[in-house]
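Participant: Sharing a structure here in structure tokens format.
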Amino acid sequence: MPARRRVLIIENDETLREYFGDYLREHGFEVLLARDGVEGVITVLHEKKGSIDLVLTELMLPNMSGLNALRIIKQWNPEIPVVAATGYLDNQMKEDALRLGADYFLWKPFKAGDVLAKLEGGRCHSVTQQ
């Protein structure tokens with residue numbers, strides 16, 4: 001039996017964090033949850049490299065911004081795919097996220113199915129590629 005794929009969701013909004021976590025669990029993924037950038041970075045640093053298949057991070061986070069978390073995560077493991085997301089319509093933030101190594105960018109609101117499609121190698125309708 002193949003190992004379950006693992007996703008880390010870094011999201012300060014508890015409702016969204018749980019919604020995306022539940023949705024991905026229902027589709028067979030193991031889900032790790034973090035409520036801010038510090039928890040997200042600690043989670044990645046404590047996991048074996050290659051054991052997390054994708055990170056979904058909000059950019060506007062307490063304690064450490066999603067941009068800083070993204071930078072540290074990509075320095076630790078440049079191969080880990082990261083989807084950056086925000087509800088703030090700020091093109092500079094999007095450009096910064098892509099420059100720091102985000103593989104994809106999502107404007108909120110987006111559907112959980114968009115993240116699932118990315119995990120399954122499909123095209124996400126609301127995802128902007130580099």
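To be explicit about the labels: the chains of the structure tokens are called A, B, and onward in the order shown, and within each one the residues are counted from 1, while ligands get numbers from 1 in the order they are shown.
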Using the chain letters and numbers from this document, which residues of chain A does DSSP assign to strand (DSSP E or B), as a list in words?

Facilitator: Arg6, Val7, Leu8, Ile9, Ile10, Glu30, Val31, Leu32, Leu33, Ala34, Leu54, Val55, Leu56, Thr57, Glu58, Val82, Val83, Ala84, Ala85, Thr86, Tyr104, Phe105, Leu106, Trp107, Val127, Thr128 and Gln129 of chain A

Participant: Pick out the residues sitting within 9 Å of segment 4-19 of chain A, and hand them over as number ranges by chain; count only C-alpha atoms, and ignore anything fewer than 6 positions along from it in its own chain.

Facilitator: A: 28-37, 39-40, 43-44, 51-62, 66, 112, 119

Participant: My list of candidates is A:Lys49, A:Ala85, A:Arg99, A:Ile42. Which is closest to Ile72 of chain A when distances are computed with only C-alpha atoms?

Facilitator: A:Ile42

Participant: In terms of the shortest atom-to-atom distance over only C-alpha atoms, which of A:Gln92, A:Trp107, A:Leu24, A:Ala84 is closest to Ala69 of chain A?

Facilitator: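 For Ala69 of chain A, the nearest of the given residues is A:Ala84.
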
Participant: What's the separation between atom CA of Leu106 of chain A and atom CA of Pro81 of chain A, in Å to one decimal place?

Facilitator: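 Atom CA of Pro81 of chain A lies at a distance of 13.6 Å from atom CA of Leu106 of chain A.
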